[in-house]
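A.B. asks: Structure file protein.txt (compact mmCIF, N, CA and C atoms and all ligand atoms) is given on the next line.
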```txt
# COMPACT_ATOMS: atom_id res chain seq x y z
N MET A 23 -14.68 41.62 -30.15
CA MET A 23 -14.99 42.00 -28.76
C MET A 23 -16.49 41.93 -28.49
N ILE A 24 -17.24 41.56 -29.51
CA ILE A 24 -18.70 41.52 -29.35
C ILE A 24 -19.11 40.54 -28.26
N LYS A 25 -18.40 39.40 -28.19
CA LYS A 25 -18.76 38.36 -27.23
C LYS A 25 -18.26 38.65 -25.82
N CYS A 26 -17.42 39.67 -25.69
CA CYS A 26 -16.88 39.99 -24.37
C CYS A 26 -17.90 40.75 -23.54
N LYS A 27 -18.08 40.28 -22.31
CA LYS A 27 -19.02 40.96 -21.41
C LYS A 27 -18.31 41.46 -20.16
N CYS A 28 -16.96 41.50 -20.25
CA CYS A 28 -16.19 41.91 -19.09
C CYS A 28 -16.33 43.41 -18.85
N THR A 29 -16.30 43.79 -17.59
CA THR A 29 -16.34 45.22 -17.25
C THR A 29 -14.95 45.80 -17.44
N PHE A 30 -14.88 47.06 -17.52
CA PHE A 30 -13.60 47.75 -17.68
C PHE A 30 -12.67 47.40 -16.52
N ALA A 31 -13.25 47.36 -15.29
CA ALA A 31 -12.43 47.06 -14.10
C ALA A 31 -11.80 45.68 -14.21
N ILE A 32 -12.59 44.70 -14.66
CA ILE A 32 -12.06 43.33 -14.79
C ILE A 32 -10.94 43.28 -15.83
N ARG A 33 -11.14 43.98 -16.94
CA ARG A 33 -10.09 44.02 -17.97
C ARG A 33 -8.82 44.66 -17.43
N MET A 34 -8.99 45.72 -16.61
CA MET A 34 -7.83 46.41 -16.04
C MET A 34 -7.06 45.50 -15.09
N LEU A 35 -7.79 44.61 -14.44
CA LEU A 35 -7.14 43.69 -13.50
C LEU A 35 -6.48 42.50 -14.21
N GLY A 36 -6.69 42.43 -15.55
CA GLY A 36 -6.11 41.33 -16.30
C GLY A 36 -6.86 40.03 -16.10
N GLU A 37 -8.13 40.12 -15.67
CA GLU A 37 -8.91 38.91 -15.44
C GLU A 37 -10.06 38.78 -16.41
N GLY A 38 -9.86 39.30 -17.61
CA GLY A 38 -10.91 39.28 -18.62
C GLY A 38 -11.10 37.90 -19.23
N CYS A 39 -12.00 37.84 -20.22
CA CYS A 39 -12.33 36.56 -20.85
C CYS A 39 -11.38 36.27 -22.00
N ARG A 40 -11.65 35.15 -22.72
CA ARG A 40 -10.76 34.75 -23.81
C ARG A 40 -10.90 35.66 -25.04
N TYR A 41 -11.93 36.54 -25.02
CA TYR A 41 -12.09 37.44 -26.16
C TYR A 41 -11.32 38.72 -25.96
N CYS A 42 -11.40 39.26 -24.76
CA CYS A 42 -10.72 40.54 -24.54
C CYS A 42 -9.26 40.36 -24.12
N GLN A 43 -8.94 39.22 -23.47
CA GLN A 43 -7.56 39.01 -23.02
C GLN A 43 -7.11 37.58 -23.28
N PRO A 44 -6.99 37.24 -24.57
CA PRO A 44 -6.68 35.84 -24.92
C PRO A 44 -5.42 35.31 -24.23
N GLN A 45 -4.35 36.10 -24.20
CA GLN A 45 -3.10 35.57 -23.63
C GLN A 45 -3.23 35.32 -22.13
N GLU A 46 -3.83 36.28 -21.41
CA GLU A 46 -4.03 36.09 -19.98
C GLU A 46 -4.92 34.88 -19.72
N TYR A 47 -5.95 34.75 -20.59
CA TYR A 47 -6.87 33.62 -20.45
C TYR A 47 -6.11 32.30 -20.62
N ILE A 48 -5.25 32.23 -21.65
CA ILE A 48 -4.46 31.02 -21.91
C ILE A 48 -3.52 30.74 -20.73
N ASP A 49 -2.86 31.80 -20.24
CA ASP A 49 -1.95 31.62 -19.10
C ASP A 49 -2.70 31.06 -17.89
N ARG A 50 -3.90 31.62 -17.65
CA ARG A 50 -4.70 31.14 -16.50
C ARG A 50 -5.07 29.67 -16.68
N MET A 51 -5.46 29.30 -17.92
CA MET A 51 -5.81 27.91 -18.21
C MET A 51 -4.61 27.00 -17.93
N HIS A 52 -3.44 27.45 -18.38
CA HIS A 52 -2.22 26.65 -18.15
C HIS A 52 -1.93 26.48 -16.67
N GLU A 53 -2.10 27.58 -15.94
CA GLU A 53 -1.89 27.52 -14.49
C GLU A 53 -2.84 26.52 -13.84
N GLN A 54 -4.13 26.60 -14.26
CA GLN A 54 -5.13 25.69 -13.69
C GLN A 54 -4.82 24.24 -14.04
N MET A 55 -4.36 24.03 -15.30
CA MET A 55 -4.02 22.67 -15.70
C MET A 55 -2.83 22.15 -14.91
N ALA A 56 -1.85 23.06 -14.69
CA ALA A 56 -0.67 22.67 -13.91
C ALA A 56 -1.09 22.30 -12.49
N ASP A 57 -1.97 23.14 -11.89
CA ASP A 57 -2.48 22.85 -10.55
C ASP A 57 -3.18 21.49 -10.52
N TYR A 58 -4.00 21.28 -11.55
CA TYR A 58 -4.75 20.03 -11.62
C TYR A 58 -3.79 18.85 -11.75
N ALA A 59 -2.77 18.99 -12.61
CA ALA A 59 -1.81 17.91 -12.82
C ALA A 59 -1.08 17.59 -11.52
N VAL A 60 -0.69 18.67 -10.78
CA VAL A 60 0.03 18.47 -9.52
C VAL A 60 -0.86 17.75 -8.51
N SER A 61 -2.14 18.16 -8.42
CA SER A 61 -3.00 17.53 -7.42
C SER A 61 -3.33 16.09 -7.83
N ALA A 62 -3.48 15.83 -9.15
CA ALA A 62 -3.72 14.46 -9.61
C ALA A 62 -2.51 13.58 -9.29
N TYR A 63 -1.33 14.15 -9.50
CA TYR A 63 -0.10 13.42 -9.22
C TYR A 63 0.02 13.10 -7.73
N ASN A 64 -0.28 14.11 -6.88
CA ASN A 64 -0.22 13.90 -5.43
C ASN A 64 -1.23 12.84 -4.99
N GLN A 65 -2.42 12.88 -5.61
CA GLN A 65 -3.45 11.89 -5.28
C GLN A 65 -2.97 10.49 -5.65
N ALA A 66 -2.35 10.38 -6.82
CA ALA A 66 -1.83 9.07 -7.27
C ALA A 66 -0.78 8.56 -6.29
N LEU A 67 0.09 9.46 -5.83
CA LEU A 67 1.12 9.07 -4.85
C LEU A 67 0.47 8.55 -3.57
N GLU A 68 -0.58 9.27 -3.11
CA GLU A 68 -1.28 8.85 -1.89
C GLU A 68 -1.92 7.48 -2.08
N ASP A 69 -2.52 7.25 -3.28
CA ASP A 69 -3.16 5.96 -3.57
C ASP A 69 -2.13 4.84 -3.53
N VAL A 70 -0.97 5.08 -4.12
CA VAL A 70 0.08 4.06 -4.15
C VAL A 70 0.54 3.76 -2.71
N ALA A 71 0.74 4.84 -1.93
CA ALA A 71 1.18 4.66 -0.54
C ALA A 71 0.14 3.85 0.25
N ALA A 72 -1.15 4.13 0.01
CA ALA A 72 -2.22 3.40 0.71
C ALA A 72 -2.21 1.93 0.29
N ALA A 73 -2.00 1.68 -1.01
CA ALA A 73 -1.98 0.30 -1.51
C ALA A 73 -0.81 -0.46 -0.90
N ILE A 74 0.34 0.19 -0.78
CA ILE A 74 1.51 -0.45 -0.18
C ILE A 74 1.24 -0.77 1.29
N LYS A 75 0.55 0.16 1.98
CA LYS A 75 0.26 -0.04 3.40
C LYS A 75 -0.66 -1.26 3.58
N ILE A 76 -1.68 -1.40 2.71
CA ILE A 76 -2.57 -2.56 2.77
C ILE A 76 -1.74 -3.83 2.60
N GLY A 77 -0.81 -3.81 1.63
CA GLY A 77 0.06 -4.96 1.39
C GLY A 77 0.86 -5.31 2.63
N ALA A 78 1.40 -4.28 3.31
CA ALA A 78 2.22 -4.50 4.50
C ALA A 78 1.38 -5.09 5.63
N ASP A 79 0.14 -4.57 5.78
CA ASP A 79 -0.75 -5.09 6.83
C ASP A 79 -1.08 -6.55 6.58
N GLU A 80 -1.37 -6.90 5.32
CA GLU A 80 -1.68 -8.29 4.97
C GLU A 80 -0.49 -9.19 5.26
N LEU A 81 0.69 -8.71 4.93
CA LEU A 81 1.90 -9.48 5.16
C LEU A 81 2.12 -9.72 6.65
N ASP A 82 1.87 -8.67 7.47
CA ASP A 82 1.99 -8.81 8.92
C ASP A 82 1.04 -9.89 9.43
N LYS A 83 -0.21 -9.89 8.88
CA LYS A 83 -1.20 -10.87 9.29
C LYS A 83 -0.72 -12.28 8.93
N LEU A 84 -0.22 -12.42 7.70
CA LEU A 84 0.28 -13.73 7.25
C LEU A 84 1.42 -14.21 8.15
N ARG A 85 2.35 -13.30 8.46
CA ARG A 85 3.49 -13.66 9.32
C ARG A 85 2.99 -14.13 10.68
N SER A 86 2.00 -13.41 11.22
CA SER A 86 1.49 -13.75 12.54
C SER A 86 0.80 -15.12 12.51
N GLU A 87 0.01 -15.40 11.43
CA GLU A 87 -0.63 -16.72 11.29
C GLU A 87 0.43 -17.81 11.17
N HIS A 88 1.44 -17.52 10.42
CA HIS A 88 2.54 -18.47 10.21
C HIS A 88 3.23 -18.79 11.55
N ASP A 89 3.51 -17.73 12.33
CA ASP A 89 4.15 -17.92 13.64
C ASP A 89 3.26 -18.78 14.54
N LYS A 90 1.93 -18.52 14.50
CA LYS A 90 1.00 -19.29 15.32
C LYS A 90 1.07 -20.76 14.95
N ALA A 91 1.07 -21.02 13.63
CA ALA A 91 1.11 -22.41 13.14
C ALA A 91 2.40 -23.09 13.61
N LEU A 92 3.52 -22.39 13.51
CA LEU A 92 4.80 -22.97 13.94
C LEU A 92 4.78 -23.26 15.44
N ASN A 93 4.23 -22.33 16.21
CA ASN A 93 4.17 -22.53 17.66
C ASN A 93 3.28 -23.71 18.03
N LEU A 94 2.18 -23.90 17.25
CA LEU A 94 1.32 -25.06 17.47
C LEU A 94 2.10 -26.36 17.24
N LEU A 95 2.87 -26.38 16.17
CA LEU A 95 3.69 -27.58 15.87
C LEU A 95 4.68 -27.85 17.00
N LYS A 96 5.31 -26.78 17.50
CA LYS A 96 6.28 -26.94 18.59
C LYS A 96 5.60 -27.45 19.86
N SER A 97 4.38 -26.90 20.11
CA SER A 97 3.63 -27.37 21.29
C SER A 97 3.29 -28.85 21.16
N TRP A 98 2.88 -29.22 19.98
CA TRP A 98 2.54 -30.62 19.71
C TRP A 98 3.76 -31.50 19.98
N GLN A 99 4.91 -31.03 19.52
CA GLN A 99 6.15 -31.78 19.71
C GLN A 99 6.42 -32.02 21.20
N THR A 100 6.25 -30.96 22.01
CA THR A 100 6.54 -31.12 23.44
C THR A 100 5.48 -31.97 24.14
N CYS A 101 4.30 -32.12 23.50
CA CYS A 101 3.29 -33.04 24.05
C CYS A 101 3.73 -34.49 23.87
N LEU A 102 4.50 -34.73 22.81
CA LEU A 102 4.98 -36.09 22.54
C LEU A 102 6.02 -36.51 23.56
N GLY A 103 6.83 -35.56 23.98
CA GLY A 103 7.88 -35.83 24.96
C GLY A 103 8.72 -34.59 25.14
N ALA A 104 9.41 -34.50 26.27
CA ALA A 104 10.24 -33.33 26.54
C ALA A 104 11.37 -33.22 25.53
N ARG A 105 11.93 -34.36 25.15
CA ARG A 105 12.97 -34.41 24.12
C ARG A 105 12.62 -35.55 23.16
N ARG A 106 13.32 -35.60 22.05
CA ARG A 106 13.07 -36.66 21.07
C ARG A 106 13.31 -38.03 21.73
N GLY A 107 14.38 -38.08 22.55
CA GLY A 107 14.76 -39.34 23.18
C GLY A 107 13.73 -39.86 24.19
N SER A 108 12.92 -38.92 24.71
CA SER A 108 11.94 -39.35 25.71
C SER A 108 10.60 -39.77 25.09
N CYS A 109 10.53 -39.72 23.75
CA CYS A 109 9.29 -40.16 23.07
C CYS A 109 9.34 -41.66 22.83
N ASP A 110 8.15 -42.26 22.68
CA ASP A 110 8.12 -43.66 22.27
C ASP A 110 8.39 -43.73 20.76
N ASP A 111 8.42 -44.93 20.19
CA ASP A 111 8.78 -45.09 18.77
C ASP A 111 7.88 -44.28 17.85
N GLU A 112 6.59 -44.41 18.13
CA GLU A 112 5.62 -43.68 17.29
C GLU A 112 5.81 -42.17 17.45
N GLY A 113 6.05 -41.77 18.69
CA GLY A 113 6.26 -40.35 19.00
C GLY A 113 7.47 -39.80 18.28
N ARG A 114 8.55 -40.61 18.22
CA ARG A 114 9.78 -40.16 17.54
C ARG A 114 9.54 -39.94 16.05
N VAL A 115 8.72 -40.81 15.43
CA VAL A 115 8.40 -40.65 14.00
C VAL A 115 7.70 -39.31 13.78
N THR A 116 6.70 -39.05 14.65
CA THR A 116 5.97 -37.78 14.54
C THR A 116 6.91 -36.61 14.82
N TRP A 117 7.75 -36.76 15.88
CA TRP A 117 8.74 -35.72 16.24
C TRP A 117 9.58 -35.35 15.03
N ASP A 118 10.09 -36.38 14.33
CA ASP A 118 10.95 -36.14 13.15
C ASP A 118 10.18 -35.46 12.02
N LYS A 119 8.92 -35.86 11.86
CA LYS A 119 8.10 -35.22 10.81
C LYS A 119 7.92 -33.73 11.12
N ILE A 120 7.64 -33.44 12.39
CA ILE A 120 7.48 -32.02 12.79
C ILE A 120 8.78 -31.27 12.60
N ASP A 121 9.91 -31.91 13.00
CA ASP A 121 11.22 -31.28 12.82
C ASP A 121 11.47 -30.92 11.36
N ALA A 122 11.15 -31.89 10.47
CA ALA A 122 11.36 -31.66 9.03
C ALA A 122 10.49 -30.51 8.55
N LEU A 123 9.25 -30.47 9.04
CA LEU A 123 8.32 -29.41 8.65
C LEU A 123 8.83 -28.04 9.13
N LEU A 124 9.27 -28.02 10.42
CA LEU A 124 9.78 -26.76 10.98
C LEU A 124 11.01 -26.28 10.21
N ALA A 125 11.88 -27.23 9.83
CA ALA A 125 13.12 -26.87 9.13
C ALA A 125 12.82 -26.31 7.74
N SER A 126 11.71 -26.77 7.13
CA SER A 126 11.41 -26.34 5.76
C SER A 126 10.68 -25.00 5.73
N GLN A 127 10.28 -24.51 6.90
CA GLN A 127 9.49 -23.27 6.94
C GLN A 127 10.35 -22.04 7.07
N SER A 128 9.98 -21.04 6.29
CA SER A 128 10.56 -19.71 6.49
C SER A 128 9.41 -18.72 6.45
N PRO A 129 9.54 -17.62 7.16
CA PRO A 129 8.43 -16.66 7.20
C PRO A 129 8.10 -16.15 5.80
N PRO A 130 6.82 -15.80 5.55
CA PRO A 130 6.46 -15.25 4.23
C PRO A 130 7.21 -13.97 3.95
N THR A 131 7.66 -13.82 2.75
CA THR A 131 8.35 -12.58 2.34
C THR A 131 7.59 -11.96 1.20
N PRO A 132 7.72 -10.65 1.02
CA PRO A 132 6.95 -9.99 -0.06
C PRO A 132 7.37 -10.50 -1.45
ZN ZN B 1 -13.70 39.96 -21.84
```
Could you render the structure as structure tokens?
Ligand SMILES: [Zn+2]
C.D. replies:
Amino acid sequence: MIKCKCTFAIRMLGEGCRYCQPQEYIDRMHEQMADYAVSAYNQALEDVAAAIKIGADELDKLRSEHDKALNLLKSWQTCLGARRGSCDDEGRVTWDKIDALLASQSPPTP
């Protein structure tokens, strides 16, 4: 008990040091570690959720760029002619190339 500097009141409250109240001290340490573990775990969950959100935002951006590109191709097609049949020979070749490109496209998926 030489190293203990706790007052009588503190010892009575069960809040003494590791010399005068080893078991209470250990219990408090365990409680603090448990609190720390819980908050570290919650922080990790928040970090993962934030990372997933960034992924979702990027995916939305990619989808939107993809849609823009497809719409540009469609606009180009209608510049060639209202329908495939109304295009000239060269226009029909380009029309078919655009059609093939549009058919091969699907939106980006995760
Ligand atoms: Zn003490």
A.B. asks: Would you mind reading off the distance between CA of Arg114 in chain A and CA of Leu102 in chain A, one decimal, in Å?
C.D. replies: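 Going from CA of Arg114 in chain A over to CA of Leu102 in chain A, I get 8.0 Å.
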A.B. asks: Starting from 6 Å padding per side, set up an axis-aligned box that covers all listed atoms of range 78-87 of chain A and hand over centre and edge lengths in Å, one decimal, as JSON.
C.D. replies:
```
{"center_x": 0.9, "center_y": -11.0, "center_z": 7.9, "size_x": 17.2, "size_y": 25.5, "size_z": 21.2}
```
A.B. asks: What does the list of residues within 10 Å of ligand ZN 1 (chain B) look like if you count only C-alpha atoms and all ligand atoms, written as a compact mmCIF listing (two decimals) with N, CA and C atoms, keeping the file's coordinate frame?
C.D. replies:
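out_23.txt, written as the output of this step:
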```txt
# COMPACT_ATOMS: atom_id res chain seq x y z
N MET A 23 -14.68 41.62 -30.15
CA MET A 23 -14.99 42.00 -28.76
C MET A 23 -16.49 41.93 -28.49
N ILE A 24 -17.24 41.56 -29.51
CA ILE A 24 -18.70 41.52 -29.35
C ILE A 24 -19.11 40.54 -28.26
N LYS A 25 -18.40 39.40 -28.19
CA LYS A 25 -18.76 38.36 -27.23
C LYS A 25 -18.26 38.65 -25.82
N CYS A 26 -17.42 39.67 -25.69
CA CYS A 26 -16.88 39.99 -24.37
C CYS A 26 -17.90 40.75 -23.54
N LYS A 27 -18.08 40.28 -22.31
CA LYS A 27 -19.02 40.96 -21.41
C LYS A 27 -18.31 41.46 -20.16
N CYS A 28 -16.96 41.50 -20.25
CA CYS A 28 -16.19 41.91 -19.09
C CYS A 28 -16.33 43.41 -18.85
N THR A 29 -16.30 43.79 -17.59
CA THR A 29 -16.34 45.22 -17.25
C THR A 29 -14.95 45.80 -17.44
N PHE A 30 -14.88 47.06 -17.52
CA PHE A 30 -13.60 47.75 -17.68
C PHE A 30 -12.67 47.40 -16.52
N ILE A 32 -12.59 44.70 -14.66
CA ILE A 32 -12.06 43.33 -14.79
C ILE A 32 -10.94 43.28 -15.83
N ARG A 33 -11.14 43.98 -16.94
CA ARG A 33 -10.09 44.02 -17.97
C ARG A 33 -8.82 44.66 -17.43
N GLY A 36 -6.69 42.43 -15.55
CA GLY A 36 -6.11 41.33 -16.30
C GLY A 36 -6.86 40.03 -16.10
N GLU A 37 -8.13 40.12 -15.67
CA GLU A 37 -8.91 38.91 -15.44
C GLU A 37 -10.06 38.78 -16.41
N GLY A 38 -9.86 39.30 -17.61
CA GLY A 38 -10.91 39.28 -18.62
C GLY A 38 -11.10 37.90 -19.23
N CYS A 39 -12.00 37.84 -20.22
CA CYS A 39 -12.33 36.56 -20.85
C CYS A 39 -11.38 36.27 -22.00
N ARG A 40 -11.65 35.15 -22.72
CA ARG A 40 -10.76 34.75 -23.81
C ARG A 40 -10.90 35.66 -25.04
N TYR A 41 -11.93 36.54 -25.02
CA TYR A 41 -12.09 37.44 -26.16
C TYR A 41 -11.32 38.72 -25.96
N CYS A 42 -11.40 39.26 -24.76
CA CYS A 42 -10.72 40.54 -24.54
C CYS A 42 -9.26 40.36 -24.12
N GLN A 43 -8.94 39.22 -23.47
CA GLN A 43 -7.56 39.01 -23.02
C GLN A 43 -7.11 37.58 -23.28
N PRO A 44 -6.99 37.24 -24.57
CA PRO A 44 -6.68 35.84 -24.92
C PRO A 44 -5.42 35.31 -24.23
N TYR A 47 -5.95 34.75 -20.59
CA TYR A 47 -6.87 33.62 -20.45
C TYR A 47 -6.11 32.30 -20.62
```
A.B. asks: Please indicate the distance in Å from atom C of Val70 in chain A to CA of Asp89 in chain A, rounded to one decimal place.
C.D. replies: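 If I compute the distance from atom C of Val70 in chain A to CA of Asp89 in chain A, I get 27.4 Å.
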A.B. asks: May I ask for the distance between CA of Ala78 in chain A and CA of Ala62 in chain A, given in Å to one decimal place?
C.D. replies: 24.4 Å
A.B. asks: Fewer than 3 positions away in the same chain doesn't count, so skip those; otherwise give me all residues within 12 Å of Thr116 in chain A, counting only C-alpha atoms, as a PyMOL selection string.
C.D. replies: chain A and resi 95-96+98-103+106+109-113+119-123
A.B. asks: Could you go through chain A and tell me which residues DSSP, when run on the backbone, assigns to alpha helix (DSSP H), listing them as a ChimeraX atom specification?
C.D. replies: /A:30-34,44-102,111-126
